[in-house]
Every structure is written in structure tokens, then in C-alpha cells.
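Engineer: Here's a structure for you.
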Amino acid sequence: ATKKAWDLLESGSSSLDAVEQGCMIEEADVNNQSVGKGGLPDRDGNVTLDACIMNSKGDCGSVVYLKNITHAISVARKIMEETPHVMLAGVGAEKFAYSLGYKKEKLLTDKSRLDWLDWKLKSEYKPIINIENHDTIGMLAIDKNGDISGGCTTSGLAYKMSGRVGDSPIIGSGLFIDNEVGGAVATGLGEEVVKTVGSFLVVELMRNGYSPQKACEEAIRRIVSKKNSNYKDFQVGYIAINKSGETGSYSIHDGFSMTKYENNLNKTFKSNYYSG
Ligand code: ASP
């Protein structure tokens with residue numbers, strides 16, 4: 001994904017094209033069971049996708065509970081660019097995608113179906129840290145004009161309740177961009193990100209002088225320092241970029257990583273983490 005995004009940026013494309021097409025790589029990868037086609041289903045066996053995208057002008061588009069279409073990120077972009085709305089959900093979103101020419105696809109692969117059938121034997125629902133029955137892709141890019149965009153796409157938590165929506169399509173929670181300041185994206189247990197409006201918080205902290213790294217750390221601190229927080233049982237991770245291209249990443253637990261393409265190097269970094 002980062003290689004694709006970098007190639008586009010190098011050939012002069014916008015940060016918006018870079019994050020969209022980068023996210024599409026993971027959406028199409030059937031071996032990735034937490035994004036797009038091949039994603040693990042909800043407890044009824046339906047793969048439902050959430051995604052959002054935001055550009056440097058502050059425009060955004062989001063798609064919620066999308067079935068049968070692999071490239072949720074592109075549908076989100078079209079919602080931003082071709083409708084008067086920010087979010088479309090469920091059958092309405094699917095209908096909109098078909099009107100654009102998208103074809104109905106089967107998103108549940110044999111592997112994900114078998115995993116789901118296996119899960120059904122006990123039907124115990126519990127997000128598992130880093131075994132990742134979850135793991136969204138969130139991308140941030142800055143282009144040659146210094147314009148920042150971000151994208152975020154996921155099949156959400158595996159075996160979630162039917163109808164459940166996480167943070168990933170919620171602007172301000174799963175993703176936020178302010179081109180004057182920077183951008184942030186989240187992964188992990190969406191409910192906890194929504195409760196602290198995580199990505200907006202990271203960007204606001206940067207606006208107030210925090211580095212991207214310190215801003216991610218403070219946003220994680222807000223979650224773990226809540227009274228009676230059961231943070232030991234879940235993972236949340238943030239990545240952030242500021243206007244000068246500095247980046248940061250931080251998570252609650254070990255096991256979260258960020259891949260950065262910079263100066264011709266495509267490198268995955270292990271994030272620092274809280275763990276407590
Ligand atoms: N944040 C996503 C959700 O809660 C899942 C994940 O990133 O692991 O739907």
C-alpha cells in the first residue's frame with residue numbers, strides 16, 4: 001500500500017489519489033482478513049465494510065455497513081465528490097455503488113467462511129489483542145504541494161454483532177485531517193476510539209504544539225487513564241503526520257506497527273506502546 005502511494009506521489013499525483021489507491025491494495029488482498037474482500041464476517045456470516053476518506057480541503061466521504069463491494073474506500077471518495085452528503089450506509093450505499101458501475105462481488109472467501117464456522121462452535125465474542133480479529137488499514141499522505149489526505153478502510157471487528165459500526169467510517173474518530181496542522185488515523189477497538197474522538201483529538205493536540213508522537217501518546221493516555229478502564233483487554237493504535245512531514249505512532253500494547261515510505265525507503269516500524 002505504501003509503495004503504491006509513494007509511486008503515485010512521485011509521479012505528481014495528489015495525496016488523495018495516493019491514500020485511495022494505497023488502501024485499495026489491501027482491500028483487494030484476500031489474504032488480509034480484516035480489510036475488504038476476504039475480511040472476516042459478522043456473527044451472521046456477512047462481510048460488512050466501513051471506510052472513510054478526507055482531503056486537504058476538509059471534504060470527507062464515508063461508507064458504513066457496505067456489503068458486496070470490495071473497494072469501500074473508493075465508494076467513500078465518490079460519496080465525497082459526487083453527492084451532497086458525507087455518509088451513506090447499507091443498502092443505500094450499495095445502490096449508489098452499483099449506480100457508479102461497481103459489480104456485485106462475493107466478499108466472504110472460503111478461508112474466512114471456515115474461520116467463522118469454527119468460531120460459531122463456541123460463539124464467544126472477544127476482541128483479541130494483536131491476534132487481530134481486527135486490524136484496519138489507515139493511511140496518511142502528504143504530496144508535493146504539502147497537501148495532506150487520509151483514508152481508512154476495514155471489515156471491522158470479526159464476529160461483531162450484525163449492524164455494528166466501529167470508528168473507521170466516523171470522521172474525527174477513525175480519521176481526521178486538518179491541512180493547516182496534520183492528520184491522524186486509528187486502528188483497534190473502535191468503540192474506545194469513538195468514545196474519545198481519537199483522531200480529532202490527535203490533530204487538535206498537534207494544533208496546540210504537540211509533536212505527532214506526543215499527540216498519539218496523549219490520545220492513548222486518555223483511553224487508558226479513564227476510571228475503570230479495562231485497557232488490558234483491548235488494543236488501540238494511532239498514527240499521525242504533521243504539516244512538516246514528521247510522523248508519530250503509539251499504541252496501548254506491543255504489536256502495533258506503522259509502515260512509512262520516505263526518501264525511497266519503505267520501512268515498517270514497531271510502535272512504542274503504553275502497556276502499563
Ligand atoms: N477499528 C476497527 C473497528 O473497530 C477495527 C480495527 O482497526 O481493528 O471496526
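So you can find residues: chains in the C-alpha cells are A, B, ... in the order shown, residues in each start at 1, and ligands are numbered from 1 in order.
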Show me which residues sit within 6 Å of ligand 1 when counting only C-alpha atoms and all ligand atoms, and put them as a PyMOL selection string.
Structural biologist: chain A and resi 134-136+156-157+166-168+187-190
Engineer: Can you write just those residues out, C-alpha atoms, as an mmCIF file, in the first residue's frame?
Structural biologist:
data_model
loop_
_atom_site.group_PDB
_atom_site.id
_atom_site.type_symbol
_atom_site.label_atom_id
_atom_site.label_comp_id
_atom_site.auth_asym_id
_atom_site.auth_seq_id
_atom_site.Cartn_x
_atom_site.Cartn_y
_atom_site.Cartn_z
ATOM 1 C CA HIS A 134 -9.345 -6.844 13.751
ATOM 2 C CA ASP A 135 -6.834 -4.541 12.067
ATOM 3 C CA THR A 136 -7.866 -1.620 9.933
ATOM 4 C CA GLY A 156 -14.403 -4.089 11.337
ATOM 5 C CA LEU A 157 -14.221 -6.422 14.277
ATOM 6 C CA GLY A 166 -16.839 0.990 14.510
ATOM 7 C CA ASP A 167 -14.702 4.120 14.444
ATOM 8 C CA SER A 168 -13.278 3.656 10.977
ATOM 9 C CA THR A 187 -6.884 1.200 14.474
ATOM 10 C CA GLY A 188 -8.007 -1.159 17.187
ATOM 11 C CA LEU A 189 -11.152 -1.406 19.261
ATOM 12 C CA GLY A 190 -13.348 1.180 17.562
#
Engineer: Taking 3 positions as the minimum chain separation for residues in the same chain, which residues sit within 10 Å of Ser199 of chain A when counting only C-alpha atoms? Answer as an MDAnalysis selection string.
Structural biologist: chainID A and resid 167 170:177 183:186 193:194 196 202:205 215:216 219 238:240
Engineer: Tell me, in Å to one decimal, how far atom CA of Trp6 of chain A is from atom CA of Asn263 of chain A.
Structural biologist: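 Computed distance, atom CA of Trp6 of chain A to atom CA of Asn263 of chain A, equals 9.8 Å.
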Engineer: Using only C-alpha atoms, which of the listed residues (A:Arg207, A:Lys57, A:Lys243, A:Lys111) sits closest to Gly146 of chain A?
Structural biologist: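 Going through A:Arg207, A:Lys57, A:Lys243, A:Lys111 one by one, the smallest distance to Gly146 of chain A is for A:Lys243.
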Engineer: Figure out the distance between atom CA of Ile69 of chain A and atom CA of Thr2 of chain A, please, to one decimal in Å.
Structural biologist: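 These atoms are spaced 22.4 Å apart.
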Engineer: Please return, as a compact mmCIF listing (two decimals) with C-alpha atoms, in the first residue's frame, all residues of segment 5-223 of chain A that DSSP assigns to alpha helix (DSSP H) on the basis of the backbone.
Structural biologist:
# COMPACT_ATOMS: atom_id res chain seq x y z
CA ALA A 5 1.05 5.52 -2.63
CA TRP A 6 4.68 6.59 -2.95
CA ASP A 7 4.80 5.75 -6.67
CA LEU A 8 1.76 7.94 -7.19
CA LEU A 9 3.17 10.80 -5.14
CA GLU A 10 6.45 10.62 -7.03
CA SER A 15 -2.22 12.78 -1.63
CA LEU A 16 -5.90 11.88 -2.09
CA ASP A 17 -5.14 9.56 -5.03
CA ALA A 18 -2.21 8.12 -3.06
CA VAL A 19 -4.25 7.14 0.00
CA GLU A 20 -7.18 5.85 -2.03
CA GLN A 21 -5.07 3.62 -4.25
CA GLY A 22 -2.86 2.53 -1.37
CA CYS A 23 -5.90 1.41 0.63
CA MET A 24 -7.25 -0.40 -2.44
CA ILE A 25 -4.22 -2.72 -2.42
CA GLU A 26 -5.21 -4.08 0.98
CA GLU A 27 -8.91 -4.17 0.14
CA ALA A 28 -8.17 -6.44 -2.83
CA ALA A 72 -15.22 0.71 0.11
CA ILE A 73 -12.57 3.47 0.10
CA SER A 74 -13.42 4.40 -3.50
CA VAL A 75 -17.14 4.41 -2.76
CA ALA A 76 -16.39 6.76 0.17
CA ARG A 77 -14.45 9.03 -2.20
CA LYS A 78 -17.33 9.09 -4.65
CA ILE A 79 -19.74 9.97 -1.85
CA MET A 80 -17.47 12.91 -1.03
CA GLU A 81 -17.13 14.03 -4.63
CA GLU A 82 -20.46 13.23 -6.22
CA GLY A 90 -26.09 -0.20 3.99
CA VAL A 91 -28.38 -0.77 1.02
CA GLY A 92 -28.31 2.91 0.07
CA ALA A 93 -24.53 2.88 -0.14
CA GLU A 94 -24.60 -0.35 -2.15
CA LYS A 95 -27.18 1.05 -4.54
CA PHE A 96 -25.05 4.15 -5.02
CA ALA A 97 -22.03 1.96 -5.82
CA TYR A 98 -23.98 0.00 -8.44
CA SER A 99 -25.11 3.28 -10.00
CA ASP A 110 -13.66 -19.91 1.79
CA LYS A 111 -10.97 -19.26 4.39
CA SER A 112 -12.99 -16.58 6.19
CA ARG A 113 -16.13 -18.73 5.99
CA LEU A 114 -14.33 -21.68 7.56
CA ASP A 115 -12.88 -19.44 10.29
CA TRP A 116 -16.38 -18.13 11.01
CA LEU A 117 -17.86 -21.65 11.15
CA ASP A 118 -15.09 -22.57 13.54
CA TRP A 119 -15.85 -19.52 15.70
CA LYS A 120 -19.54 -20.42 15.71
CA GLY A 190 -13.35 1.18 17.56
CA GLU A 191 -15.70 1.68 20.48
CA GLU A 192 -12.84 3.09 22.57
CA VAL A 193 -11.69 5.37 19.75
CA VAL A 194 -15.20 6.75 19.27
CA LYS A 195 -15.57 7.47 22.99
CA GLY A 198 -9.42 9.88 18.92
CA SER A 199 -8.17 11.15 15.56
CA PHE A 200 -9.64 14.61 16.05
CA LEU A 201 -8.00 14.69 19.46
CA VAL A 202 -4.59 13.84 17.99
CA VAL A 203 -4.90 16.62 15.39
CA GLU A 204 -6.08 19.16 17.99
CA LEU A 205 -3.13 18.27 20.20
CA MET A 206 -0.78 18.89 17.27
CA ARG A 207 -2.51 22.22 16.69
CA PRO A 212 2.82 13.80 16.15
CA GLN A 213 4.45 11.29 18.51
CA LYS A 214 3.45 13.13 21.71
CA ALA A 215 -0.07 13.68 20.37
CA CYS A 216 -0.53 9.92 19.73
CA GLU A 217 0.79 9.17 23.22
CA GLU A 218 -1.59 11.64 24.87
CA ALA A 219 -4.59 10.27 22.94
CA ILE A 220 -3.72 6.75 24.18
CA ARG A 221 -3.27 8.11 27.70
CA ARG A 222 -6.82 9.48 27.59
CA ILE A 223 -8.11 5.95 26.97
Engineer: Have a look at A:Ala158, A:Ile148, A:Leu49, A:Ile137 and name the one nearest to Asp178 of chain A; count only C-alpha atoms.
Structural biologist: A:Ile148
